[in-house]
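**Q** One structure is given below, represented as structure tokens, and several questions about it will come after.
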Amino acid sequence: MKRNNLFPQINGILHGGDYNPEQWLDRPDILEEDIRLMKQAGMNSATLGVFSWSTYEPSEGEFHFDWLIRNMDRLYENGIYTILATPSGARPAWLDEKYPEAMRCDERGIRYHHGVRHNHCMTSPIYREKVRIIIRKLYEAVGNHPGLLMWHISNEFGGECFCPLCVKAFQDYLAEKFDHNISILNAAWWTTFWSHTYNSFSQIEPPYANGEFSIMGLNLEWKRFTTWNMTDYMKSEIAVIRSLTPHLPVTTNFMQLYDGLDYRVLAKELDIISWDSYPAFHNDYESFAQTMGRNAFDHAVMRSMKRDKPFMLMESAPGLVNWHSFNKQKRPGVHMLASLQAVALGSDTVQYFQWRKGRGSYEQYHGAVVDHLGRSDTRIFREVEALGQKLSHLDEIKGSLVPARVAMIYDWDTRWAIADMKGLADETKKYDETCIQLYQQFLSLGIDVDVISQEMPLDDYQLVIAPMMYLLKPGTAESLKAFTARGGQLLATYLTGYVDDNQLCFLGGFPGDGLKELFGVISEEIDTLYPSEHNEILMNTETPAIVKDYAEYLRVDSDVEVLGRFKEDYYAGMPAITRHKFGKGNAYYVGARIDMTHMKQLIEEMLSHTDLAPMELPHGIECHHRQAEETLFTFYLNTCDHTQSLYAVYGYDLFSQQEIEGTLSLAPYGVAIIRQ
Ligand code: GLA
Ligand code: ZN
């Protein structure tokens with residue numbers, strides 16, 4: 001795999017974080033101390049200006065950038081590069097006062113008051129223009145600064161706007177999408193139901209909380225529109241930036257699996273993917289290894305949006321956060337482990353929110369590298385410093401990629417459609433959770449998995465898993481057929497292929513769009529189980545598989561192999577798990593939600609038809625790979641608070657700087673990177 005080094009200027013892995021000098025302009029002593037401490041902590045980057053608008057432009061048309069220039073100069077003189085944000089994540093009071101259209105309207109159409117952040121109207125022409133002006137001014141001030149590394153667009157895009165401008169934009173978007181022909185829309189949305197036929201696009205309203213929410217096609221299209229509109233807004237910022245500094249990359253920071261925007265649409269407009277990771281470490285509802293596994297899934301989602309380059313861990317908390325329901329401190333050693341997990345999964349940066357704790361307001365207790373105490377001998381500072389040391393030695397990792405040969409299809413449209421469908425059970429649909437649990441089975445076998453959309457090409461994969469793929473986009477069925485025919489191993493589950501991309505049910509049997517030929521099954525019914533109920537599936541394993549939540553009543557073609565049958569209920573004896581030879585490959589169908597132990601056995605069975613070798617990893621060990629040209633780096637992460645030993649490990653350990661000849665011992669939360 002060809003190395004793709006994003007930041008050749010930086011030695012080692014980029015280490016930085018959000019830095020807010022504007023909050024300390026009356027304390028030059030602290031700003032000077034920041035530089036000293038950043039160097040001590042091994043920071044080579046700082047993200048400036050995320051929320052600096054009211055300092056840049058305290059009143060309309062009056063600009064102050066001297067403080068920014070001063071700070072960028074001092075940072076650069078000390079080897080610290082600047083990632084410069086555009087300040088559109090929060091607006092100065094004067095702006096909202098003078099141009100109220102910049103403020104969003106809520107889901108009842110009521111205008112918000114000024115305040116908080118991440119809440120501008122995406123459509124407002126005035127707001128877009130105000131942002132373009134400040135970006136141009138920023139460029140004039142520091143656009144050619146040698147310390148300027150890249151642009152960070154706004155901050156954590158999210159939310160919806162139901163203002164009149166956005167409603168009009170929605171109607172125009174629909175007219176465009178449905179060929180300016182309302183009959184096409186009516187047919188696609190099945191609006192004859194409850195007499196909801198529209199006469200014109202101007203009658204269509206967004207799904208207001210006190211309005212129309214009974215048309216599944218409308219609900220879905222509103223989500224797509226919000227993504228489209230946010231992307232369009234983002235593009236209006238990017239266009240100015242690219243015209244001014246075409247050589248500098250742009251990113252915007254995503255928020256985990258944020259449901260409100262299809263990140264893959266935004267991703268196409270960005271040069272680099274970056275995201276903010278805040279797992280609930282040490283919680284009381286799952287094991288620490290599971291929390292890490294969840295985080296690994298998030299990393300894989302982000303990485304897979306641009307498979308030809310590393311991504312950025314734009315934010316993480318050095319200690320605790322302030323917005324979880326329980327804000328627990330990371331235990332000693334966990335900061336190192338979690339940061340290196342990001343690198344193991346393909347990140348070329350480790351960055352924080354935030355460098356220094358502010359004294360007041362909403363985030364005064366949010367963790368930071370530098371505490372109110374203001375010293376460098378705190379536990380957290382020392383852990384950050386130790387990590388900084390390690391990251392500076394990882395230059396050879398930079399630009400390497402994750403050579404995944406397994407993919408999981410996980411899709412925003414499917415998420416939205418499953419959440420919105422009326423049917424099944426309110427609390428047990430669990431699409432995300434199901435995907436994450438399945439991902440964790442591969443994790444426990446040491447197999448890296450890309451997490452991709454239905455549209456992404458499958459050429460690089462030997463095994464594809466498509467859990468609960470309820471909504472099928474045009475082309476998906478064809479792509480899965482081609483993948484299997486050429487020798488791929490494919491697995492789908494209950495709730496596959498019920499609706500098309502307007503949420504209209506396929507006729508003639510689920511899974512639709514030709515998938516029933518691929519799997520050789522038709523799901524005639526789906527049964528919902530109460531949480532207290534379960535069923536079993538008798539398979540070729542020591543124990544039967546346990547079924548919870550959902551079970552399908554399947555018709556099976558004669559050339560389909562039945563791998564498991566239901567034990568109880570009116571579908572006792574009926575097929576539940578099947579395998580169908582299709583071309584050179586196999587299409588597996590799992591018609592019920594089964595326990596993960598048996599799911600893992602099925603995955604192992606599938607892997608036996610590939611040339612991928614599952615590993616026998618002790619519980620709590622993660623193993624990931626990055627590759628650059630011929631060199632393979634294998635990361636071993638110990639997510640346990642006790643020492644673990646691994647055998648049959650050979651190669652050079654980048655951290656201990658020793659040749660490993662068989663036995664690798666990993667300290668509690670320890671990490672090794674073995675070069676082969
Ligand atoms: C987000 C934001 C930051 C900060 C952190 C706190 O990621 O981007 O500005 O509020 O959350 O965890
Ligand atoms: Zn709006």
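Order determines the names: the first chain of the structure tokens is A, the second B, and so forth; residues in each chain are numbered 1 upward, and ligands are numbered 1 upward as they are shown.
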Find the residues near ligand 1. Use a cut-off of 10 Å, count only C-alpha atoms and all ligand atoms, and write them as a tab-separated table (two decimals) with all heavy atoms, in the first residue's frame.

**A**
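After the write, out.tsv holds the following:
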```tsv
chain	number	residue	atom	x	y	z
A	18	ASP	N	-7.20	21.85	20.81
A	18	ASP	CA	-7.86	23.15	20.76
A	18	ASP	C	-7.19	24.10	21.75
A	18	ASP	O	-7.04	23.78	22.93
A	18	ASP	CB	-9.35	23.02	21.12
A	18	ASP	CG	-10.18	22.55	19.94
A	18	ASP	OD1	-9.62	21.94	19.02
A	18	ASP	OD2	-11.41	22.77	19.96
A	50	VAL	N	-11.40	28.40	16.92
A	50	VAL	CA	-12.67	27.68	16.72
A	50	VAL	C	-13.86	28.56	17.14
A	50	VAL	O	-14.88	28.57	16.48
A	50	VAL	CB	-12.69	26.34	17.50
A	50	VAL	CG1	-13.95	25.56	17.18
A	50	VAL	CG2	-11.47	25.49	17.18
A	51	PHE	N	-13.69	29.29	18.24
A	51	PHE	CA	-14.81	30.12	18.70
A	51	PHE	C	-14.34	31.56	18.93
A	51	PHE	O	-14.62	32.16	19.96
A	51	PHE	CB	-15.41	29.53	19.98
A	51	PHE	CG	-16.03	28.18	19.77
A	51	PHE	CD1	-15.45	27.04	20.29
A	51	PHE	CD2	-17.19	28.04	19.01
A	51	PHE	CE1	-16.02	25.78	20.07
A	51	PHE	CE2	-17.77	26.79	18.79
A	51	PHE	CZ	-17.18	25.66	19.32
A	89	GLY	N	-18.76	28.37	13.99
A	89	GLY	CA	-19.45	27.50	14.96
A	89	GLY	C	-20.25	28.26	16.00
A	89	GLY	O	-21.16	27.70	16.62
A	117	ARG	N	-24.28	27.57	20.62
A	117	ARG	CA	-23.41	27.46	19.43
A	117	ARG	C	-23.94	26.40	18.47
A	117	ARG	O	-24.93	25.74	18.78
A	117	ARG	CB	-21.99	27.09	19.87
A	117	ARG	CG	-21.97	25.73	20.58
A	117	ARG	CD	-20.56	25.26	20.89
A	117	ARG	NE	-20.61	23.97	21.56
A	117	ARG	CZ	-19.56	23.23	21.81
A	117	ARG	NH1	-18.36	23.64	21.49
A	117	ARG	NH2	-19.68	22.06	22.41
A	118	HIS	N	-23.25	26.21	17.39
A	118	HIS	CA	-23.60	25.19	16.40
A	118	HIS	C	-25.07	25.31	16.00
A	118	HIS	O	-25.77	24.30	15.92
A	118	HIS	CB	-23.37	23.75	16.92
A	118	HIS	CG	-21.97	23.50	17.39
A	118	HIS	ND1	-21.64	22.46	18.24
A	118	HIS	CD2	-20.80	24.15	17.12
A	118	HIS	CE1	-20.34	22.47	18.46
A	118	HIS	NE2	-19.81	23.49	17.81
A	154	SER	N	-15.52	25.44	10.56
A	154	SER	CA	-16.55	25.56	11.58
A	154	SER	C	-16.29	24.59	12.72
A	154	SER	O	-15.13	24.32	13.07
A	154	SER	CB	-17.93	25.32	10.95
A	154	SER	OG	-18.94	25.89	11.73
A	155	ASN	N	-17.31	24.01	13.30
A	155	ASN	CA	-17.10	23.01	14.34
A	155	ASN	C	-18.32	22.11	14.46
A	155	ASN	O	-19.45	22.59	14.51
A	155	ASN	CB	-16.86	23.69	15.70
A	155	ASN	CG	-16.25	22.74	16.71
A	155	ASN	OD1	-15.18	22.19	16.47
A	155	ASN	ND2	-16.95	22.51	17.80
A	156	GLU	N	-18.08	20.82	14.47
A	156	GLU	CA	-19.12	19.83	14.74
A	156	GLU	C	-20.49	20.22	14.16
A	156	GLU	O	-21.45	20.46	14.89
A	156	GLU	CB	-19.24	19.58	16.25
A	156	GLU	CG	-17.99	18.91	16.80
A	156	GLU	CD	-18.19	18.30	18.17
A	156	GLU	OE1	-19.07	18.78	18.92
A	156	GLU	OE2	-17.48	17.33	18.49
A	157	PHE	N	-20.57	20.23	12.85
A	157	PHE	CA	-21.86	20.51	12.21
A	157	PHE	C	-22.94	19.57	12.75
A	157	PHE	O	-22.69	18.39	12.94
A	157	PHE	CB	-21.75	20.31	10.70
A	157	PHE	CG	-21.03	21.42	9.99
A	157	PHE	CD1	-19.86	21.18	9.30
A	157	PHE	CD2	-21.54	22.71	10.01
A	157	PHE	CE1	-19.21	22.21	8.62
A	157	PHE	CE2	-20.89	23.74	9.34
A	157	PHE	CZ	-19.73	23.48	8.65
A	252	THR	N	-13.41	19.03	8.57
A	252	THR	CA	-14.31	19.48	9.62
A	252	THR	C	-14.44	18.31	10.57
A	252	THR	O	-14.31	17.16	10.18
A	252	THR	CB	-15.68	19.92	9.08
A	252	THR	OG1	-16.40	20.58	10.13
A	252	THR	CG2	-16.52	18.75	8.59
A	253	ASN	N	-14.69	18.60	11.86
A	253	ASN	CA	-14.65	17.51	12.84
A	253	ASN	C	-16.02	16.86	13.01
A	253	ASN	O	-17.00	17.52	13.34
A	253	ASN	CB	-14.08	18.00	14.18
A	253	ASN	CG	-14.68	19.31	14.66
A	253	ASN	OD1	-15.30	20.06	13.90
A	253	ASN	ND2	-14.52	19.59	15.94
A	254	PHE	N	-16.06	15.56	12.78
A	254	PHE	CA	-17.28	14.78	12.96
A	254	PHE	C	-17.42	14.35	14.42
A	254	PHE	O	-16.44	14.31	15.16
A	254	PHE	CB	-17.25	13.55	12.06
A	254	PHE	CG	-17.34	13.87	10.57
A	254	PHE	CD1	-16.84	12.97	9.64
A	254	PHE	CD2	-17.93	15.03	10.12
A	254	PHE	CE1	-16.92	13.24	8.27
A	254	PHE	CE2	-18.02	15.31	8.75
A	254	PHE	CZ	-17.51	14.41	7.83
A	255	MET	N	-18.66	13.99	14.76
A	255	MET	CA	-18.94	13.56	16.15
A	255	MET	C	-19.38	12.11	16.17
A	255	MET	O	-20.53	11.81	15.90
A	255	MET	CB	-20.10	14.35	16.73
A	255	MET	CG	-19.96	15.84	16.71
A	255	MET	SD	-21.49	16.60	17.29
A	255	MET	CE	-22.35	16.89	15.75
A	256	GLN	N	-18.50	11.24	16.43
A	256	GLN	CA	-18.83	9.81	16.57
A	256	GLN	C	-19.83	9.38	15.51
A	256	GLN	O	-19.72	9.72	14.36
A	256	GLN	CB	-19.33	9.52	17.98
A	256	GLN	CG	-18.24	9.77	19.00
A	256	GLN	CD	-18.67	9.42	20.39
A	256	GLN	OE1	-18.85	10.32	21.20
A	256	GLN	NE2	-18.82	8.15	20.69
A	275	TRP	N	-12.30	13.50	13.44
A	275	TRP	CA	-13.45	13.31	14.33
A	275	TRP	C	-13.07	13.44	15.79
A	275	TRP	O	-11.89	13.40	16.16
A	275	TRP	CB	-14.15	12.00	14.03
A	275	TRP	CG	-13.54	10.75	14.61
A	275	TRP	CD1	-12.43	10.11	14.17
A	275	TRP	CD2	-14.04	9.99	15.71
A	275	TRP	NE1	-12.20	8.99	14.91
A	275	TRP	CE2	-13.17	8.89	15.87
A	275	TRP	CE3	-15.13	10.12	16.57
A	275	TRP	CZ2	-13.36	7.93	16.88
A	275	TRP	CZ3	-15.31	9.17	17.56
A	275	TRP	CH2	-14.43	8.09	17.70
A	276	ASP	N	-14.09	13.60	16.62
A	276	ASP	CA	-13.93	13.85	18.05
A	276	ASP	C	-14.40	12.63	18.84
A	276	ASP	O	-15.57	12.25	18.76
A	276	ASP	CB	-14.77	15.08	18.45
A	276	ASP	CG	-14.39	16.31	17.63
A	276	ASP	OD1	-13.29	16.31	17.05
A	276	ASP	OD2	-15.19	17.26	17.58
A	277	SER	N	-13.50	12.06	19.60
A	277	SER	CA	-13.79	10.78	20.28
A	277	SER	C	-13.88	10.96	21.80
A	277	SER	O	-12.89	11.36	22.42
A	277	SER	CB	-12.68	9.79	19.93
A	277	SER	OG	-12.67	8.72	20.83
A	278	TYR	N	-15.04	10.69	22.33
A	278	TYR	CA	-15.23	10.83	23.79
A	278	TYR	C	-15.95	9.61	24.37
A	278	TYR	O	-17.10	9.71	24.81
A	278	TYR	CB	-16.04	12.09	24.10
A	278	TYR	CG	-15.33	13.37	23.72
A	278	TYR	CD1	-15.75	14.11	22.62
A	278	TYR	CD2	-14.26	13.83	24.46
A	278	TYR	CE1	-15.10	15.29	22.25
A	278	TYR	CE2	-13.60	15.01	24.11
A	278	TYR	CZ	-14.03	15.73	23.01
A	278	TYR	OH	-13.39	16.89	22.67
A	314	MET	N	-9.30	14.51	15.94
A	314	MET	CA	-9.24	15.96	16.13
A	314	MET	C	-9.42	16.36	17.59
A	314	MET	O	-8.87	17.35	18.04
A	314	MET	CB	-10.30	16.63	15.25
A	314	MET	CG	-10.29	18.13	15.28
A	314	MET	SD	-8.73	18.87	14.74
A	314	MET	CE	-8.87	18.81	12.97
A	315	GLU	N	-10.26	15.60	18.31
A	315	GLU	CA	-10.44	15.92	19.73
A	315	GLU	C	-10.54	14.63	20.53
A	315	GLU	O	-11.12	13.64	20.08
A	315	GLU	CB	-11.76	16.68	19.96
A	315	GLU	CG	-11.80	18.09	19.43
A	315	GLU	CD	-13.15	18.75	19.72
A	315	GLU	OE1	-13.83	18.36	20.69
A	315	GLU	OE2	-13.52	19.65	18.96
A	316	SER	N	-10.02	14.71	21.75
A	316	SER	CA	-10.23	13.67	22.75
A	316	SER	C	-9.95	14.34	24.08
A	316	SER	O	-9.34	15.41	24.12
A	316	SER	CB	-9.29	12.49	22.51
A	316	SER	OG	-7.94	12.91	22.62
A	317	ALA	N	-10.40	13.75	25.17
A	317	ALA	CA	-10.20	14.40	26.46
A	317	ALA	C	-9.00	13.78	27.15
A	317	ALA	O	-8.94	12.57	27.31
A	317	ALA	CB	-11.44	14.25	27.33
A	320	LEU	N	-11.17	13.92	31.82
A	320	LEU	CA	-12.60	13.64	31.76
A	320	LEU	C	-13.28	14.64	30.83
A	320	LEU	O	-12.68	15.59	30.36
A	320	LEU	CB	-13.23	13.69	33.15
A	320	LEU	CG	-12.79	14.78	34.13
A	320	LEU	CD1	-13.06	16.17	33.60
A	320	LEU	CD2	-13.48	14.60	35.46
A	321	VAL	N	-14.56	14.40	30.57
A	321	VAL	CA	-15.35	15.39	29.86
A	321	VAL	C	-16.33	15.99	30.86
A	321	VAL	O	-16.30	15.67	32.05
A	321	VAL	CB	-16.10	14.81	28.64
A	321	VAL	CG1	-15.11	14.25	27.64
A	321	VAL	CG2	-17.10	13.76	29.04
A	322	ASN	N	-17.22	16.85	30.40
A	322	ASN	CA	-18.17	17.46	31.34
A	322	ASN	C	-19.61	17.22	30.92
A	322	ASN	O	-20.52	17.73	31.56
A	322	ASN	CB	-17.92	18.97	31.44
A	322	ASN	CG	-18.28	19.69	30.16
A	322	ASN	OD1	-18.33	19.09	29.10
A	322	ASN	ND2	-18.55	20.98	30.25
A	323	TRP	N	-19.83	16.45	29.85
A	323	TRP	CA	-21.19	16.35	29.33
A	323	TRP	C	-21.74	14.92	29.32
A	323	TRP	O	-22.86	14.72	28.89
A	323	TRP	CB	-21.26	16.96	27.93
A	323	TRP	CG	-20.21	16.44	26.99
A	323	TRP	CD1	-18.98	16.99	26.79
A	323	TRP	CD2	-20.29	15.27	26.17
A	323	TRP	NE1	-18.27	16.23	25.88
A	323	TRP	CE2	-19.05	15.17	25.48
A	323	TRP	CE3	-21.25	14.29	25.94
A	323	TRP	CZ2	-18.76	14.13	24.59
A	323	TRP	CZ3	-20.96	13.27	25.05
A	323	TRP	CH2	-19.73	13.19	24.39
A	324	HIS	N	-20.95	13.94	29.77
A	324	HIS	CA	-21.52	12.60	29.93
A	324	HIS	C	-22.48	12.63	31.13
A	324	HIS	O	-22.43	13.55	31.94
A	324	HIS	CB	-20.41	11.58	30.25
A	324	HIS	CG	-19.56	11.23	29.06
A	324	HIS	ND1	-18.35	10.61	29.18
A	324	HIS	CD2	-19.74	11.40	27.73
A	324	HIS	CE1	-17.82	10.41	27.97
A	324	HIS	NE2	-18.65	10.89	27.09
A	352	TYR	N	-6.49	17.11	21.29
A	352	TYR	CA	-7.33	17.23	22.48
A	352	TYR	C	-8.30	18.38	22.40
A	352	TYR	O	-8.02	19.41	21.81
A	352	TYR	CB	-6.46	17.48	23.73
A	352	TYR	CG	-5.32	16.51	23.85
A	352	TYR	CD1	-4.00	16.95	23.90
A	352	TYR	CD2	-5.58	15.15	23.89
A	352	TYR	CE1	-2.96	16.05	23.99
A	352	TYR	CE2	-4.54	14.25	23.98
A	352	TYR	CZ	-3.23	14.71	24.03
A	352	TYR	OH	-2.20	13.82	24.10
A	353	PHE	N	-9.41	18.21	23.06
A	353	PHE	CA	-10.13	19.33	23.58
A	353	PHE	C	-9.93	19.20	25.08
A	353	PHE	O	-10.45	18.26	25.68
A	353	PHE	CB	-11.63	19.32	23.25
A	353	PHE	CG	-12.28	20.54	23.81
A	353	PHE	CD1	-12.30	21.72	23.10
A	353	PHE	CD2	-12.82	20.53	25.09
A	353	PHE	CE1	-12.84	22.87	23.65
A	353	PHE	CE2	-13.36	21.67	25.64
A	353	PHE	CZ	-13.38	22.84	24.91
A	354	GLN	N	-9.19	20.01	25.65
A	354	GLN	CA	-8.65	21.27	25.24
A	354	GLN	C	-7.27	21.41	25.84
A	354	GLN	O	-6.89	20.64	26.72
A	354	GLN	CB	-9.57	22.41	25.76
A	354	GLN	CG	-9.84	22.23	27.23
A	354	GLN	CD	-10.94	23.15	27.80
A	354	GLN	OE1	-11.25	24.18	27.26
A	354	GLN	NE2	-11.50	22.78	28.90
A	362	TYR	N	-19.51	27.28	30.41
A	362	TYR	CA	-20.03	25.92	30.23
A	362	TYR	C	-18.97	24.83	30.37
A	362	TYR	O	-19.24	23.74	30.84
A	362	TYR	CB	-20.67	25.86	28.84
A	362	TYR	CG	-21.67	24.76	28.66
A	362	TYR	CD1	-22.97	24.89	29.18
A	362	TYR	CD2	-21.35	23.60	27.97
A	362	TYR	CE1	-23.90	23.89	29.00
A	362	TYR	CE2	-22.28	22.60	27.78
A	362	TYR	CZ	-23.55	22.74	28.30
A	362	TYR	OH	-24.48	21.75	28.12
A	363	GLU	N	-17.75	25.12	29.92
A	363	GLU	CA	-16.76	24.04	29.87
A	363	GLU	C	-15.64	24.22	30.89
A	363	GLU	O	-14.54	23.68	30.72
A	363	GLU	CB	-16.22	23.92	28.43
A	363	GLU	CG	-17.33	23.43	27.51
A	363	GLU	CD	-16.90	23.12	26.09
A	363	GLU	OE1	-16.10	23.90	25.55
A	363	GLU	OE2	-17.39	22.12	25.54
A	366	HIS	N	-14.38	20.93	32.01
A	366	HIS	CA	-14.00	19.93	31.01
A	366	HIS	C	-12.50	19.68	31.11
A	366	HIS	O	-11.72	20.62	31.23
A	366	HIS	CB	-14.37	20.42	29.61
A	366	HIS	CG	-14.30	19.34	28.57
A	366	HIS	ND1	-13.11	18.80	28.15
A	366	HIS	CD2	-15.28	18.71	27.88
A	366	HIS	CE1	-13.36	17.86	27.24
A	366	HIS	NE2	-14.66	17.79	27.06
A	367	GLY	N	-12.11	18.42	31.02
A	367	GLY	CA	-10.70	18.06	31.10
A	367	GLY	C	-9.84	18.82	30.11
A	367	GLY	O	-10.32	19.27	29.07
A	368	ALA	N	-8.58	18.96	30.46
A	368	ALA	CA	-7.62	19.68	29.61
A	368	ALA	C	-6.23	19.15	29.94
A	368	ALA	O	-6.04	18.48	30.96
A	368	ALA	CB	-7.70	21.17	29.86
```

**Q** Enumerate the residues of stretch 376-584 of chain A with a DSSP assignment of strand (DSSP E), computed from the backbone, and present them as a ChimeraX atom specification.

**A** /A:406-409,449-452,463-466,489-493,521-528,535-539,545-556,561-566,575-582

**Q** Residues of stretch 582-649 of chain A that have any atom at most 9 Å from an atom of stretch 520-527 of chain A: could you tabulate them with the shortest-distance atom pair and the distance in Å to one decimal, using only C-alpha atoms, ordered by chain and increasing number, as a Markdown table?

**A**
```
| residue | atom | partner | partner_atom | distance |
| --- | --- | --- | --- | --- |
| A:Ala587 | CA | A:Gly520 | CA | 8.6 |
| A:Tyr589 | CA | A:Val521 | CA | 7.9 |
| A:Gly591 | CA | A:Ser523 | CA | 7.9 |
| A:Ala592 | CA | A:Ile526 | CA | 8.9 |
```

**Q** Here is a test: counting only C-alpha atoms and all ligand atoms, which residue of A:Phe506, A:Trp53, A:Tyr127, A:Trp94 is nearest to ligand 2?

**A**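 Closest to ligand 2 of all the choices is A:Tyr127.
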
**Q** List as a ChimeraX atom specification the protein and nucleic acid residues near A:Gln341, meaning an atom at most 12 Å away when only C-alpha atoms are counted, but skip any in the same chain fewer than 5 places from it.

**A** /A:277,289,292-300,313,334-336,346-350,621-626,634-639,669-673

**Q** Set the cut-off to 7 Å, count only C-alpha atoms and all ligand atoms, and list whatever residues fall near ligand 2 as a PyMOL selection string.

**A** chain A and resi 104-105+121-124+161-166

**Q** Show which residues sit within 10 Å of A:Leu31, as a ChimeraX atom specification. Count only C-alpha atoms, and ignore same-chain residues fewer than 4 positions away.

**A** /A:20-27,35-37,71,74

**Q** Once you have the residues from the selection above, write them out as a short mmCIF file (atom, residue, chain, number, x, y, z; two decimals), in the first residue's frame, restricted to N, CA, C and O atoms.

**A**
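again_11.cif, freshly written:
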```cif
data_model
loop_
_atom_site.label_atom_id
_atom_site.label_comp_id
_atom_site.auth_asym_id
_atom_site.auth_seq_id
_atom_site.Cartn_x
_atom_site.Cartn_y
_atom_site.Cartn_z
N ASN A 20 -7.20 28.16 23.09
CA ASN A 20 -8.02 29.38 23.09
C ASN A 20 -7.29 30.57 23.71
O ASN A 20 -7.70 31.08 24.75
N PRO A 21 -6.23 31.07 23.07
CA PRO A 21 -5.52 32.21 23.66
C PRO A 21 -6.41 33.42 23.84
O PRO A 21 -6.16 34.25 24.72
N GLU A 22 -7.49 33.52 23.02
CA GLU A 22 -8.35 34.70 23.13
C GLU A 22 -8.99 34.80 24.52
O GLU A 22 -9.40 35.88 24.94
N GLN A 23 -9.05 33.67 25.24
CA GLN A 23 -9.63 33.74 26.58
C GLN A 23 -8.63 34.27 27.61
O GLN A 23 -8.99 34.51 28.76
N TRP A 24 -7.37 34.44 27.20
CA TRP A 24 -6.32 34.81 28.16
C TRP A 24 -5.51 36.02 27.69
O TRP A 24 -4.35 36.19 28.08
N LEU A 25 -6.12 36.87 26.90
CA LEU A 25 -5.34 37.98 26.34
C LEU A 25 -4.86 38.95 27.41
O LEU A 25 -3.86 39.64 27.24
N ASP A 26 -5.55 38.97 28.56
CA ASP A 26 -5.10 39.85 29.65
C ASP A 26 -4.06 39.16 30.53
O ASP A 26 -3.69 39.67 31.58
N ARG A 27 -3.66 37.95 30.11
CA ARG A 27 -2.64 37.24 30.91
C ARG A 27 -1.48 36.79 30.03
O ARG A 27 -1.31 35.60 29.76
N ILE A 35 3.32 28.20 25.85
CA ILE A 35 4.33 27.78 24.85
C ILE A 35 5.33 26.83 25.50
O ILE A 35 5.66 25.77 24.96
N ARG A 36 5.77 27.21 26.68
CA ARG A 36 6.76 26.38 27.38
C ARG A 36 6.17 24.99 27.66
O ARG A 36 6.78 23.96 27.41
N LEU A 37 4.93 25.00 28.16
CA LEU A 37 4.30 23.73 28.53
C LEU A 37 3.99 22.87 27.30
O LEU A 37 4.09 21.65 27.34
N ASN A 71 0.19 35.12 18.39
CA ASN A 71 0.19 33.76 18.93
C ASN A 71 0.69 32.74 17.92
O ASN A 71 1.43 31.82 18.27
N ARG A 74 4.49 33.02 17.78
CA ARG A 74 5.17 32.42 18.95
C ARG A 74 5.12 30.89 18.86
O ARG A 74 6.11 30.21 19.15
#
```

**Q** I'd like the contact shell of stretch 594-606 of chain A - 9 Å cut-off, only C-alpha atoms, skipping same-chain residues fewer than 2 positions apart - returned as number ranges by chain.

**A** A: 437-438, 441-442, 445, 463, 489-491, 536-537, 541, 543-550, 586, 588, 590-592, 608-610, 614

**Q** What's around A:Phe288 at 10 Å? Count only C-alpha atoms, leave out sequence neighbours fewer than 6 positions away in its own chain, and write the answer as a ChimeraX atom specification.

**A** /A:280-282,294,620,639-641

**Q** Hey, can you check how far atom CA of A:Asn181 sits from atom CA of A:Phe201?

**A**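 Atom-to-atom, atom CA of A:Asn181 and atom CA of A:Phe201 are spaced 8.6 Å apart.
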
**Q** Measuring atom to atom with only C-alpha atoms, identify which of A:Pro206, A:Pro668, A:Gly512, A:Gly42 is nearest to A:Phe381.

**A**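 Counting only C-alpha atoms, the residue closest to A:Phe381 is A:Gly42.
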
**Q** Compare A:Thr291, A:Phe582, A:Tyr530, A:Met305 by their minimum atom-to-atom distance to A:Ala425, counting only C-alpha atoms, and give me the closest one.

**A**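 Closest candidate: A:Tyr530.
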
**Q** Name the residues in contact with A:Ile135 at a cut-off of 9 Å, using only C-alpha atoms, excluding same-chain residues fewer than 4 positions from it; report them as a PyMOL selection string.

**A** chain A and resi 86-87+130-131+139-140+237+240-241

**Q** Between atom CA of A:Phe311 and atom CA of A:Leu75, what is the spacing in Å?

**A**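 So the two atoms, atom CA of A:Leu75 and atom CA of A:Phe311, lie 23.7 Å apart.
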
**Q** Quick one: distance from atom CA of A:Lys168 to atom CA of A:Gly260 in Å, one decimal?

**A**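 We find that atom CA of A:Lys168 and atom CA of A:Gly260 lie 20.1 Å from each other.
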
**Q** Which parts of stretch 364-569 of chain A does DSSP call helix (DSSP H, G or I) when run on the backbone here, written out as an MDAnalysis selection string?

**A** chainID A and resid 379:391 395:397 412:420 431:444 476:485 515:519
